[in-house]
>>> print(open('final-v4.tsv').read())   # TSV, C-alpha atoms
chain	number	residue	atom	x	y	z
A	15	MET	CA	-36.19	-36.54	70.13
A	16	LYS	CA	-36.77	-38.45	66.94
A	17	SER	CA	-34.31	-41.05	65.70
A	18	ALA	CA	-33.95	-43.41	62.77
A	19	VAL	CA	-31.79	-46.40	61.90
A	20	ILE	CA	-31.03	-47.24	58.27
A	21	VAL	CA	-31.17	-50.96	57.50
A	22	PHE	CA	-29.20	-52.36	54.54
A	23	PRO	CA	-29.16	-55.96	53.35
A	24	GLY	CA	-26.38	-57.40	55.51
A	25	SER	CA	-26.66	-54.91	58.38
A	26	ASN	CA	-26.32	-56.82	61.64
A	27	CYS	CA	-26.02	-54.09	64.29
A	28	ASP	CA	-29.30	-52.37	63.40
A	29	ARG	CA	-31.12	-53.94	66.36
A	30	ASP	CA	-28.32	-52.93	68.76
A	31	ALA	CA	-28.56	-49.38	67.38
A	32	GLN	CA	-32.34	-49.43	67.83
A	33	THR	CA	-31.99	-50.62	71.45
A	34	ALA	CA	-29.38	-47.97	72.28
A	35	LEU	CA	-31.40	-45.13	70.76
A	36	ARG	CA	-34.59	-46.32	72.46
A	37	LYS	CA	-32.81	-46.49	75.81
A	38	ALA	CA	-31.17	-43.07	75.42
A	39	SER	CA	-34.17	-41.19	74.02
A	40	GLY	CA	-37.09	-43.04	75.61
A	41	GLN	CA	-38.74	-43.12	72.18
A	42	GLU	CA	-39.02	-45.79	69.54
A	43	PRO	CA	-36.58	-45.25	66.62
A	44	ASN	CA	-37.87	-45.50	63.04
A	45	MET	CA	-36.29	-48.35	61.13
A	46	VAL	CA	-35.71	-47.11	57.56
A	47	TRP	CA	-35.10	-49.61	54.73
A	48	HIS	CA	-32.26	-48.64	52.38
A	49	LYS	CA	-34.62	-48.62	49.38
A	50	ASP	CA	-36.86	-46.02	50.99
A	51	ALA	CA	-36.64	-42.60	49.40
A	52	SER	CA	-36.98	-40.56	52.57
A	53	ILE	CA	-36.15	-40.30	56.24
A	54	PRO	CA	-39.20	-39.39	58.41
A	55	ASP	CA	-39.68	-35.62	58.77
A	56	GLY	CA	-38.30	-34.13	61.96
A	57	THR	CA	-35.69	-36.83	62.49
A	58	ASP	CA	-32.90	-35.51	64.73
A	59	ILE	CA	-30.41	-38.36	64.59
A	60	VAL	CA	-29.88	-41.06	61.98
A	61	MET	CA	-27.75	-44.08	62.84
A	62	VAL	CA	-25.96	-45.96	60.07
A	63	PRO	CA	-25.33	-49.32	61.72
A	64	GLY	CA	-22.56	-51.89	61.52
A	65	GLY	CA	-22.61	-55.14	59.60
A	66	PHE	CA	-21.63	-56.33	56.16
A	67	SER	CA	-23.89	-54.36	53.84
A	68	TYR	CA	-24.09	-56.04	50.41
A	69	GLY	CA	-21.62	-58.66	51.63
A	70	ASP	CA	-18.81	-56.06	51.54
A	71	HIS	CA	-18.65	-56.65	47.77
A	72	LEU	CA	-16.12	-54.53	45.85
A	73	ARG	CA	-15.22	-52.46	48.98
A	74	CYS	CA	-16.84	-52.20	52.40
A	75	GLY	CA	-19.67	-49.70	52.12
A	76	ALA	CA	-19.30	-49.12	48.36
A	77	MET	CA	-22.76	-50.40	47.38
A	78	ALA	CA	-24.52	-49.03	50.46
A	79	GLY	CA	-22.92	-45.65	49.74
A	80	ASN	CA	-24.92	-45.58	46.50
A	81	SER	CA	-28.23	-46.88	47.94
A	82	PRO	CA	-31.49	-45.00	47.21
A	83	ILE	CA	-31.69	-43.73	50.82
A	84	ILE	CA	-28.29	-41.98	50.60
A	85	SER	CA	-29.59	-38.81	48.93
A	86	ALA	CA	-32.03	-38.39	51.83
A	87	LEU	CA	-29.15	-38.99	54.26
A	88	LYS	CA	-27.08	-36.30	52.55
A	89	ALA	CA	-30.03	-33.90	52.68
A	90	HIS	CA	-30.36	-34.65	56.41
A	91	ALA	CA	-26.66	-33.77	56.85
A	92	ASP	CA	-27.11	-30.58	54.81
A	93	ARG	CA	-29.94	-29.53	57.14
A	94	GLY	CA	-27.53	-29.86	60.07
A	95	GLY	CA	-28.96	-33.19	61.20
A	96	TYR	CA	-26.97	-35.59	63.37
A	97	ILE	CA	-25.63	-38.82	61.87
A	98	LEU	CA	-23.80	-41.57	63.75
A	99	GLY	CA	-22.07	-44.22	61.65
A	100	VAL	CA	-20.59	-47.17	63.50
A	101	CYS	CA	-18.20	-49.73	61.97
A	102	ASN	CA	-19.71	-50.53	58.54
A	103	GLY	CA	-21.68	-47.31	59.06
A	104	PHE	CA	-18.36	-45.39	59.29
A	105	GLN	CA	-17.16	-47.10	56.10
A	106	ILE	CA	-20.42	-46.10	54.38
A	107	LEU	CA	-20.09	-42.46	55.52
A	108	THR	CA	-16.58	-42.23	54.04
A	109	GLU	CA	-17.81	-43.85	50.80
A	110	THR	CA	-20.56	-41.22	50.49
A	111	GLY	CA	-18.10	-38.40	51.11
A	112	LEU	CA	-19.95	-37.25	54.25
A	113	LEU	CA	-16.69	-37.91	56.11
A	114	PRO	CA	-13.16	-37.68	54.67
A	115	GLY	CA	-10.68	-40.54	54.26
A	116	ALA	CA	-11.20	-44.27	53.85
A	117	LEU	CA	-11.14	-47.48	55.89
A	118	MET	CA	-8.67	-50.03	54.63
A	119	ARG	CA	-7.92	-53.68	55.49
A	120	ASN	CA	-6.47	-54.01	59.01
A	121	ALA	CA	-2.67	-53.84	58.90
A	122	SER	CA	-2.49	-57.31	60.50
A	123	LEU	CA	-4.89	-58.65	57.83
A	124	HIS	CA	-6.80	-60.27	60.71
A	125	PHE	CA	-10.37	-59.68	61.80
A	126	VAL	CA	-10.18	-58.17	65.30
A	127	CYS	CA	-12.97	-58.77	67.80
A	128	LYS	CA	-12.32	-57.68	71.39
A	129	GLN	CA	-12.84	-55.04	74.06
A	130	GLN	CA	-10.71	-52.04	73.08
A	131	THR	CA	-9.49	-49.20	75.24
A	132	LEU	CA	-10.13	-45.79	73.69
A	133	ILE	CA	-8.85	-42.39	74.76
A	134	VAL	CA	-11.36	-39.57	74.67
A	135	ASN	CA	-9.23	-37.23	72.58
A	136	ASN	CA	-11.70	-34.35	72.57
A	137	ALA	CA	-14.53	-34.16	75.11
A	138	ASN	CA	-15.77	-30.94	73.60
A	139	THR	CA	-17.98	-32.46	70.88
A	140	ALA	CA	-21.68	-33.20	70.56
A	141	TYR	CA	-20.92	-36.87	71.17
A	142	THR	CA	-18.38	-36.69	73.99
A	143	ASP	CA	-19.54	-33.90	76.28
A	144	LYS	CA	-20.22	-36.31	79.16
A	145	TYR	CA	-16.67	-37.69	79.09
A	146	LYS	CA	-13.47	-35.94	80.12
A	147	SER	CA	-10.65	-35.31	77.63
A	148	GLY	CA	-7.95	-37.92	78.22
A	149	GLU	CA	-10.40	-40.34	79.87
A	150	LYS	CA	-9.92	-44.01	78.99
A	151	ILE	CA	-13.01	-46.00	78.12
A	152	SER	CA	-13.60	-49.60	77.05
A	153	ILE	CA	-15.72	-50.21	73.94
A	154	PRO	CA	-15.99	-53.39	71.81
A	155	ILE	CA	-14.50	-53.53	68.32
A	156	ALA	CA	-15.22	-56.15	65.63
A	157	HIS	CA	-13.91	-55.45	62.14
A	158	HIS	CA	-11.65	-56.51	59.30
A	159	ASP	CA	-11.37	-53.12	57.58
A	160	GLY	CA	-10.90	-50.47	60.24
A	161	ASN	CA	-7.53	-49.10	59.21
A	162	TYR	CA	-8.28	-45.38	58.85
A	163	PHE	CA	-6.44	-43.66	56.03
A	164	ALA	CA	-6.38	-40.04	54.93
A	165	ASP	CA	-3.64	-37.87	53.44
A	166	GLU	CA	-1.42	-35.91	55.84
A	167	HIS	CA	-3.15	-32.62	55.10
A	168	THR	CA	-6.57	-34.09	55.93
A	169	LEU	CA	-5.21	-35.66	59.12
A	170	ASP	CA	-3.71	-32.31	60.18
A	171	THR	CA	-7.04	-30.59	59.47
A	172	LEU	CA	-9.03	-33.17	61.45
A	173	GLU	CA	-6.72	-32.89	64.45
A	174	GLY	CA	-6.39	-29.12	64.19
A	175	GLU	CA	-10.16	-28.63	64.14
A	176	GLY	CA	-10.80	-30.96	67.10
A	177	ARG	CA	-12.56	-33.48	64.88
A	178	VAL	CA	-10.99	-36.61	66.40
A	179	PRO	CA	-13.12	-37.43	69.46
A	180	PHE	CA	-11.68	-40.92	69.97
A	181	LYS	CA	-8.24	-42.47	69.58
A	182	TYR	CA	-7.13	-46.05	70.24
A	183	ASP	CA	-5.00	-46.81	73.27
A	184	GLY	CA	-2.90	-49.52	71.57
A	185	ASN	CA	-3.63	-49.39	67.85
A	186	PRO	CA	-5.52	-52.57	66.82
A	187	ASN	CA	-5.70	-52.04	63.05
A	188	GLY	CA	-2.98	-49.68	61.79
A	189	SER	CA	-5.16	-46.55	61.69
A	190	ALA	CA	-3.32	-43.32	60.92
A	191	ARG	CA	-2.49	-41.43	64.13
A	192	ASP	CA	-4.45	-44.05	66.18
A	193	ILE	CA	-7.72	-42.50	64.99
A	194	ALA	CA	-10.82	-44.44	66.08
A	195	GLY	CA	-13.46	-41.89	65.05
A	196	ILE	CA	-13.85	-38.54	63.30
A	197	THR	CA	-16.53	-35.90	62.95
A	198	SER	CA	-17.70	-33.65	60.12
A	199	LYS	CA	-16.73	-29.99	60.06
A	200	ASN	CA	-19.96	-29.00	61.85
A	201	GLY	CA	-19.38	-31.74	64.43
A	202	ARG	CA	-22.75	-33.41	63.88
A	203	VAL	CA	-21.70	-36.38	61.77
A	204	LEU	CA	-19.57	-38.92	63.65
A	205	GLY	CA	-18.05	-42.06	62.18
A	206	MET	CA	-16.24	-44.55	64.41
A	207	MET	CA	-15.13	-48.18	64.18
A	208	PRO	CA	-15.78	-49.15	67.86
A	209	HIS	CA	-19.34	-50.08	68.88
A	210	PRO	CA	-20.71	-47.79	71.64
A	211	GLU	CA	-24.19	-49.26	71.05
A	212	ARG	CA	-22.84	-52.57	72.38
A	213	ALA	CA	-21.65	-50.92	75.60
A	214	ILE	CA	-24.84	-49.55	77.13
A	215	GLY	CA	-25.30	-51.94	80.02
A	216	GLY	CA	-26.64	-55.01	78.29
A	217	HIS	CA	-25.14	-58.47	78.53
A	218	GLU	CA	-21.91	-57.54	76.80
A	219	GLY	CA	-19.49	-54.69	76.26
A	220	GLY	CA	-19.84	-52.86	79.60
A	221	THR	CA	-21.44	-49.45	80.04
A	222	ASP	CA	-18.85	-47.00	78.73
A	223	GLY	CA	-20.83	-46.25	75.57
A	224	LEU	CA	-23.82	-44.86	77.48
A	225	ALA	CA	-22.25	-41.43	78.04
A	226	MET	CA	-21.87	-41.05	74.27
A	227	PHE	CA	-25.60	-41.47	73.72
A	228	GLU	CA	-26.35	-39.21	76.70
A	229	SER	CA	-24.04	-36.52	75.28
A	230	LEU	CA	-25.80	-36.81	71.95
A	231	MET	CA	-29.28	-36.52	73.48
A	232	GLN	CA	-28.19	-33.44	75.41
A	233	SER	CA	-26.70	-31.80	72.30
A	234	ILE	CA	-29.87	-32.46	70.34
A	235	SER	CA	-32.13	-31.04	73.06
A	236	VAL	CA	-29.94	-27.94	73.47
A	237	ASN	CA	-29.81	-27.31	69.72
A	238	ALA	CA	-33.42	-28.24	68.90
B	15	MET	CA	-17.11	-54.23	23.32
B	16	LYS	CA	-15.30	-55.01	26.53
B	17	ALA	CA	-13.75	-52.72	29.08
B	18	ARG	CA	-11.20	-53.92	31.55
B	19	VAL	CA	-10.67	-51.72	34.62
B	20	HIS	CA	-7.55	-52.18	36.73
B	21	VAL	CA	-8.01	-50.85	40.26
B	22	SER	CA	-5.03	-50.65	42.58
B	23	LEU	CA	-3.91	-48.77	45.65
B	24	LYS	CA	-2.25	-45.43	44.99
B	25	PRO	CA	1.52	-45.22	45.46
B	26	GLY	CA	2.30	-44.42	49.08
B	27	VAL	CA	-0.81	-46.17	50.43
B	28	LEU	CA	0.33	-49.14	52.50
B	29	ASP	CA	-0.79	-52.46	51.03
B	30	PRO	CA	-0.68	-55.07	53.82
B	31	GLN	CA	-1.94	-57.76	51.47
B	32	GLY	CA	0.80	-57.04	48.94
B	33	LYS	CA	3.39	-57.06	51.71
B	34	THR	CA	2.22	-60.48	52.93
B	35	VAL	CA	2.31	-61.89	49.40
B	36	GLY	CA	5.82	-60.46	48.95
B	37	ASP	CA	7.03	-61.93	52.26
B	38	THR	CA	5.69	-65.35	51.31
B	39	LEU	CA	7.25	-65.22	47.82
B	40	SER	CA	10.64	-64.46	49.32
B	41	ARG	CA	10.17	-67.29	51.83
B	42	LEU	CA	9.49	-69.57	48.84
B	43	GLY	CA	12.87	-68.62	47.41
B	44	PHE	CA	11.82	-65.94	44.91
B	45	SER	CA	14.52	-63.61	46.09
B	46	GLU	CA	14.27	-61.40	42.99
B	47	VAL	CA	10.89	-60.04	44.15
B	48	GLY	CA	10.81	-56.53	45.58
B	49	GLU	CA	7.65	-54.70	46.54
B	50	VAL	CA	4.33	-56.43	45.70
B	51	ARG	CA	1.04	-54.57	45.20
B	52	VAL	CA	-2.30	-56.39	44.97
B	53	GLY	CA	-5.12	-54.89	42.93
B	54	LYS	CA	-8.22	-56.07	41.15
B	55	ILE	CA	-9.49	-56.32	37.60
B	56	ILE	CA	-13.11	-55.58	36.75
B	57	GLU	CA	-14.33	-56.70	33.32
B	58	LEU	CA	-17.35	-54.99	31.84
B	59	GLU	CA	-19.33	-56.14	28.80
B	60	LEU	CA	-20.48	-53.02	26.97
B	61	GLU	CA	-23.01	-52.62	24.14
B	62	ASP	CA	-21.50	-53.20	20.72
B	63	GLY	CA	-20.98	-50.24	18.44
B	64	LEU	CA	-20.17	-47.66	21.11
B	65	GLU	CA	-17.87	-44.87	20.08
B	66	PRO	CA	-14.60	-45.69	21.95
B	67	SER	CA	-14.12	-42.19	23.34
B	68	HIS	CA	-17.72	-42.16	24.57
B	69	ALA	CA	-17.30	-45.64	26.09
B	70	GLU	CA	-14.12	-44.57	27.84
B	71	ALA	CA	-15.80	-41.46	29.27
B	72	ARG	CA	-18.71	-43.59	30.57
B	73	VAL	CA	-16.38	-46.15	32.19
B	74	LYS	CA	-14.38	-43.31	33.76
B	75	ASP	CA	-17.62	-42.04	35.28
B	76	MET	CA	-18.34	-45.55	36.62
B	77	CYS	CA	-14.88	-45.64	38.20
B	78	GLU	CA	-15.36	-42.26	39.87
B	79	LYS	CA	-18.85	-43.14	41.16
B	80	LEU	CA	-18.43	-46.76	42.21
B	81	LEU	CA	-15.63	-48.94	40.89
B	82	ALA	CA	-12.73	-47.19	42.64
B	83	ASN	CA	-12.42	-45.23	45.86
B	84	THR	CA	-10.20	-42.44	44.62
B	85	VAL	CA	-9.15	-41.52	48.15
B	86	ILE	CA	-6.95	-44.62	48.20
B	87	GLU	CA	-7.19	-46.21	44.76
B	88	LYS	CA	-6.18	-45.38	41.18
B	89	TYR	CA	-7.65	-46.96	38.08
B	90	GLU	CA	-6.71	-47.65	34.48
B	91	ILE	CA	-9.19	-48.37	31.70
B	92	GLU	CA	-8.49	-50.69	28.80
B	93	LEU	CA	-10.98	-51.09	25.95
B	94	ALA	CA	-10.98	-54.22	23.79
>>> encode(input="final-v4.tsv", output="structure tokens")
Amino acid sequence: MKSAVIVFPGSNCDRDAQTALRKASGQEPNMVWHKDASIPDGTDIVMVPGGFSYGDHLRCGAMAGNSPIISALKAHADRGGYILGVCNGFQILTETGLLPGALMRNASLHFVCKQQTLIVNNANTAYTDKYKSGEKISIPIAHHDGNYFADEHTLDTLEGEGRVPFKYDGNPNGSARDIAGITSKNGRVLGMMPHPERAIGGHEGGTDGLAMFESLMQSISVNA
Amino acid sequence: MKARVHVSLKPGVLDPQGKTVGDTLSRLGFSEVGEVRVGKIIELELEDGLEPSHAEARVKDMCEKLLANTVIEKYEIELA
């Protein structure tokens, strides 16, 4: 199982992503600088980490979404590769068009930083197989722009196709239909605001994120 | 030549910032204020001597690729 983490100027969860992938896969992830032109051959999963890429200038993820590495990321998605975007990574994936919708300023206008209860809305995805549908899990959130927006038709499509693996239990940011994360049509690209990589049994965040990485590793090994 | 791009949230997209500004204005006694929407203005210095229609097409391309997120935002271009 080969993994990579893309590092942008202003990324600050890249090391957490690296630690989580190392722990889940038992192999060292490749750290890929945003100015690189390619992702190492044979990479199964690419993580787009959280942080404040390019200082969130213009819009969160707008500059990163046009970085040199993005064409390689799109090619990885086209090949059916797995991509996990967390927090700023989710914002970047919507900016690139790899996932629909957009992340807007939190409805409260406040930065929220706390443990958040999520409901596993669909346990039948590559990322949630080791959970049960309806299960409540606790994962940290830390963001200012996590208010998920998409038009009604897109929201209906996402829900109808089982592409909403996680919802908030108690909406912290105004997201449409309490959506905390969405997947691509083929289910291999996941974007979510909460930080599962901070909930893998370290010093913070609990252990509820571990099953997500274990589900992912299983999906990759089954589909390899 | 200068281009001024106005980027704002599309109608129907909730603008929490605009709502907060509106609430504060009414608290300050500006009771005539209804809905408030907050946007941004981006000023671009362009090469002199560009054909206006060409310049406008180029700036439109910039808006679509970077300056606006057309999922939630609309834009207007003004050349001067």
>>> atom_distance(input="final-v4.tsv", atom1="atom CA of Lys199 of chain A", atom2="atom CA of Gln129 of chain A")
29.0 Å
>>> closest_residue(input="final-v4.tsv", among="B:Val73, B:Val27, B:Phe44, B:Val21", to="Ile86 of chain B", atoms="all atoms listed in the file")
B:Val27
>>> residues_around(input="final-v4.tsv", residues="Lys79 of chain B", least_positions_apart="3", cutoff="12 Å", atoms="only C-alpha atoms", output="JSON, numbers by chain")
{"A": [76, 77, 79, 80, 109, 110, 111], "B": [72, 73, 74, 75, 76, 82, 83, 84]}
>>> closest_atom_pairs(input="final-v4.tsv", of="chain B", to="chain A", cutoff="8 Å", atoms="all atoms listed in the file", output="tab-separated table")
residue	atom	partner	partner_atom	distance
B:Pro30	CA	A:Ala121	CA	5.6
B:Gln31	CA	A:Leu123	CA	7.1
B:Leu80	CA	A:Ala76	CA	6.6
B:Leu81	CA	A:Leu72	CA	7.5
B:Asn83	CA	A:Glu109	CA	7.4
B:Val85	CA	A:Gly115	CA	6.4
B:Ile86	CA	A:Ala116	CA	7.1
>>> residues_around(input="final-v4.tsv", residues="Leu93 of chain B", least_positions_apart="4", cutoff="9 Å", atoms="only C-alpha atoms", output="ChimeraX atom specification")
/B:15-19,66,69-70
>>> atom_distance(input="final-v4.tsv", atom1="atom CA of Ile153 of chain A", atom2="atom CA of Leu35 of chain A")
16.8 Å
>>> atom_distance(input="final-v4.tsv", atom1="atom CA of Glu149 of chain A", atom2="atom CA of Glu175 of chain A")
19.6 Å
>>> closest_residue(input="final-v4.tsv", among="B:Val52, B:Leu39, B:Cys77, B:Leu58", to="Lys24 of chain B", atoms="all atoms listed in the file")
B:Val52
>>> residues_near_point(input="final-v4.tsv", point="(-6.6, -44.2, 61.6)", cutoff="6 Å", atoms="all atoms listed in the file", output="number ranges by chain")
A: 161-163, 189-193
>>> write_last_selection(input="final-v4.tsv", atoms="C-alpha atoms", output="compact mmCIF listing (two decimals), in the frame of the given file")
# COMPACT_ATOMS: atom_id res chain seq x y z
CA ASN A 161 -7.53 -49.10 59.21
CA TYR A 162 -8.28 -45.38 58.85
CA PHE A 163 -6.44 -43.66 56.03
CA SER A 189 -5.16 -46.55 61.69
CA ALA A 190 -3.32 -43.32 60.92
CA ARG A 191 -2.49 -41.43 64.13
CA ASP A 192 -4.45 -44.05 66.18
CA ILE A 193 -7.72 -42.50 64.99
>>> residues_near_point(input="final-v4.tsv", point="(-2.5, -45.1, 32.7)", cutoff="12 Å", atoms="only C-alpha atoms", output="PyMOL selection string")
chain B and resi 19-22+88-92
>>> closest_residue(input="final-v4.tsv", among="B:Glu49, B:Glu59, B:Glu65, B:Glu78", to="Val35 of chain B", atoms="all atoms listed in the file")
B:Glu49
>>> closest_residue(input="final-v4.tsv", among="A:Lys144, A:Pro186, A:Leu112, A:Ala137", to="Asn200 of chain A", atoms="all atoms listed in the file")
A:Leu112
>>> closest_residue(input="final-v4.tsv", among="B:Pro25, B:Arg51, B:Ala71, B:Leu60", to="Asp37 of chain B", atoms="all atoms listed in the file")
B:Arg51
>>> axis_aligned_box(input="final-v4.tsv", around="segment 151-158 of chain A", padding_each_side="5 Å", output="JSON")
{"center_x": -13.8, "center_y": -51.3, "center_z": 68.7, "size_x": 14.3, "size_y": 20.5, "size_z": 28.8}
>>> residues_around(input="final-v4.tsv", residues="segment 220-223 of chain A", least_positions_apart="5", cutoff="7 Å", atoms="only C-alpha atoms", output="number ranges by chain")
A: 151-153, 210-211, 213-215
>>> write_last_selection(input="final-v4.tsv", atoms="C-alpha atoms", output="PDB file, in the frame of the given file")
ATOM      1  CA  ILE A 151     -13.010 -46.000  78.120  1.00  0.00           C
ATOM      2  CA  SER A 152     -13.600 -49.600  77.050  1.00  0.00           C
ATOM      3  CA  ILE A 153     -15.720 -50.210  73.940  1.00  0.00           C
ATOM      4  CA  PRO A 210     -20.710 -47.790  71.640  1.00  0.00           C
ATOM      5  CA  GLU A 211     -24.190 -49.260  71.050  1.00  0.00           C
ATOM      6  CA  ALA A 213     -21.650 -50.920  75.600  1.00  0.00           C
ATOM      7  CA  ILE A 214     -24.840 -49.550  77.130  1.00  0.00           C
ATOM      8  CA  GLY A 215     -25.300 -51.940  80.020  1.00  0.00           C
TER       9      GLY A 215
END
>>> closest_residue(input="final-v4.tsv", among="A:Asn185, A:Ser233, A:Asn102, A:Ser147", to="His209 of chain A", atoms="only C-alpha atoms")
A:Asn102
>>> decode(input="final-v4.tsv", residues="segment 27-44 of chain B", atoms="N, CA, C and O atoms", output="PDB file, in the first residue's frame")
ATOM      1  N   VAL B  27     -27.688  32.555  -1.900  1.00  0.00           N
ATOM      2  CA  VAL B  27     -26.641  31.967  -1.065  1.00  0.00           C
ATOM      3  C   VAL B  27     -26.556  32.814   0.198  1.00  0.00           C
ATOM      4  O   VAL B  27     -26.376  34.029   0.129  1.00  0.00           O
ATOM      5  N   LEU B  28     -26.718  32.180   1.341  1.00  0.00           N
ATOM      6  CA  LEU B  28     -26.729  32.890   2.619  1.00  0.00           C
ATOM      7  C   LEU B  28     -25.391  33.598   2.838  1.00  0.00           C
ATOM      8  O   LEU B  28     -24.328  33.021   2.629  1.00  0.00           O
ATOM      9  N   ASP B  29     -25.465  34.869   3.238  1.00  0.00           N
ATOM     10  CA  ASP B  29     -24.257  35.649   3.489  1.00  0.00           C
ATOM     11  C   ASP B  29     -24.218  36.049   4.971  1.00  0.00           C
ATOM     12  O   ASP B  29     -24.737  37.102   5.352  1.00  0.00           O
ATOM     13  N   PRO B  30     -23.619  35.203   5.811  1.00  0.00           N
ATOM     14  CA  PRO B  30     -23.621  35.495   7.253  1.00  0.00           C
ATOM     15  C   PRO B  30     -22.919  36.813   7.581  1.00  0.00           C
ATOM     16  O   PRO B  30     -23.333  37.535   8.490  1.00  0.00           O
ATOM     17  N   GLN B  31     -21.890  37.135   6.802  1.00  0.00           N
ATOM     18  CA  GLN B  31     -21.173  38.382   7.040  1.00  0.00           C
ATOM     19  C   GLN B  31     -22.081  39.583   6.751  1.00  0.00           C
ATOM     20  O   GLN B  31     -22.139  40.527   7.535  1.00  0.00           O
ATOM     21  N   GLY B  32     -22.793  39.515   5.616  1.00  0.00           N
ATOM     22  CA  GLY B  32     -23.717  40.589   5.266  1.00  0.00           C
ATOM     23  C   GLY B  32     -24.809  40.740   6.311  1.00  0.00           C
ATOM     24  O   GLY B  32     -25.192  41.855   6.676  1.00  0.00           O
ATOM     25  N   LYS B  33     -25.284  39.605   6.822  1.00  0.00           N
ATOM     26  CA  LYS B  33     -26.349  39.637   7.821  1.00  0.00           C
ATOM     27  C   LYS B  33     -25.857  40.320   9.094  1.00  0.00           C
ATOM     28  O   LYS B  33     -26.557  41.137   9.692  1.00  0.00           O
ATOM     29  N   THR B  34     -24.620  40.012   9.503  1.00  0.00           N
ATOM     30  CA  THR B  34     -24.062  40.619  10.712  1.00  0.00           C
ATOM     31  C   THR B  34     -23.880  42.121  10.533  1.00  0.00           C
ATOM     32  O   THR B  34     -24.186  42.910  11.436  1.00  0.00           O
ATOM     33  N   VAL B  35     -23.409  42.531   9.345  1.00  0.00           N
ATOM     34  CA  VAL B  35     -23.243  43.959   9.071  1.00  0.00           C
ATOM     35  C   VAL B  35     -24.615  44.640   9.120  1.00  0.00           C
ATOM     36  O   VAL B  35     -24.780  45.705   9.733  1.00  0.00           O
ATOM     37  N   GLY B  36     -25.618  44.004   8.509  1.00  0.00           N
ATOM     38  CA  GLY B  36     -26.975  44.561   8.505  1.00  0.00           C
ATOM     39  C   GLY B  36     -27.535  44.705   9.916  1.00  0.00           C
ATOM     40  O   GLY B  36     -28.110  45.743  10.271  1.00  0.00           O
ATOM     41  N   ASP B  37     -27.336  43.667  10.738  1.00  0.00           N
ATOM     42  CA  ASP B  37     -27.831  43.706  12.122  1.00  0.00           C
ATOM     43  C   ASP B  37     -27.194  44.865  12.886  1.00  0.00           C
ATOM     44  O   ASP B  37     -27.860  45.582  13.645  1.00  0.00           O
ATOM     45  N   THR B  38     -25.880  45.038  12.662  1.00  0.00           N
ATOM     46  CA  THR B  38     -25.171  46.099  13.394  1.00  0.00           C
ATOM     47  C   THR B  38     -25.615  47.477  12.914  1.00  0.00           C
ATOM     48  O   THR B  38     -25.812  48.394  13.717  1.00  0.00           O
ATOM     49  N   LEU B  39     -25.816  47.624  11.590  1.00  0.00           N
ATOM     50  CA  LEU B  39     -26.304  48.913  11.075  1.00  0.00           C
ATOM     51  C   LEU B  39     -27.654  49.260  11.681  1.00  0.00           C
ATOM     52  O   LEU B  39     -27.884  50.402  12.082  1.00  0.00           O
ATOM     53  N   SER B  40     -28.530  48.260  11.797  1.00  0.00           N
ATOM     54  CA  SER B  40     -29.852  48.594  12.345  1.00  0.00           C
ATOM     55  C   SER B  40     -29.739  48.913  13.839  1.00  0.00           C
ATOM     56  O   SER B  40     -30.429  49.789  14.351  1.00  0.00           O
ATOM     57  N   ARG B  41     -28.794  48.261  14.516  1.00  0.00           N
ATOM     58  CA  ARG B  41     -28.563  48.579  15.935  1.00  0.00           C
ATOM     59  C   ARG B  41     -28.030  50.010  16.082  1.00  0.00           C
ATOM     60  O   ARG B  41     -28.272  50.676  17.085  1.00  0.00           O
ATOM     61  N   LEU B  42     -27.299  50.477  15.056  1.00  0.00           N
ATOM     62  CA  LEU B  42     -26.754  51.833  15.104  1.00  0.00           C
ATOM     63  C   LEU B  42     -27.792  52.883  14.697  1.00  0.00           C
ATOM     64  O   LEU B  42     -27.478  54.067  14.597  1.00  0.00           O
ATOM     65  N   GLY B  43     -29.012  52.423  14.416  1.00  0.00           N
ATOM     66  CA  GLY B  43     -30.078  53.369  14.113  1.00  0.00           C
ATOM     67  C   GLY B  43     -30.348  53.564  12.628  1.00  0.00           C
ATOM     68  O   GLY B  43     -31.165  54.400  12.260  1.00  0.00           O
ATOM     69  N   PHE B  44     -29.660  52.819  11.766  1.00  0.00           N
ATOM     70  CA  PHE B  44     -29.913  52.955  10.323  1.00  0.00           C
ATOM     71  C   PHE B  44     -31.070  52.044   9.922  1.00  0.00           C
ATOM     72  O   PHE B  44     -30.887  51.014   9.285  1.00  0.00           O
TER      73      PHE B  44
END
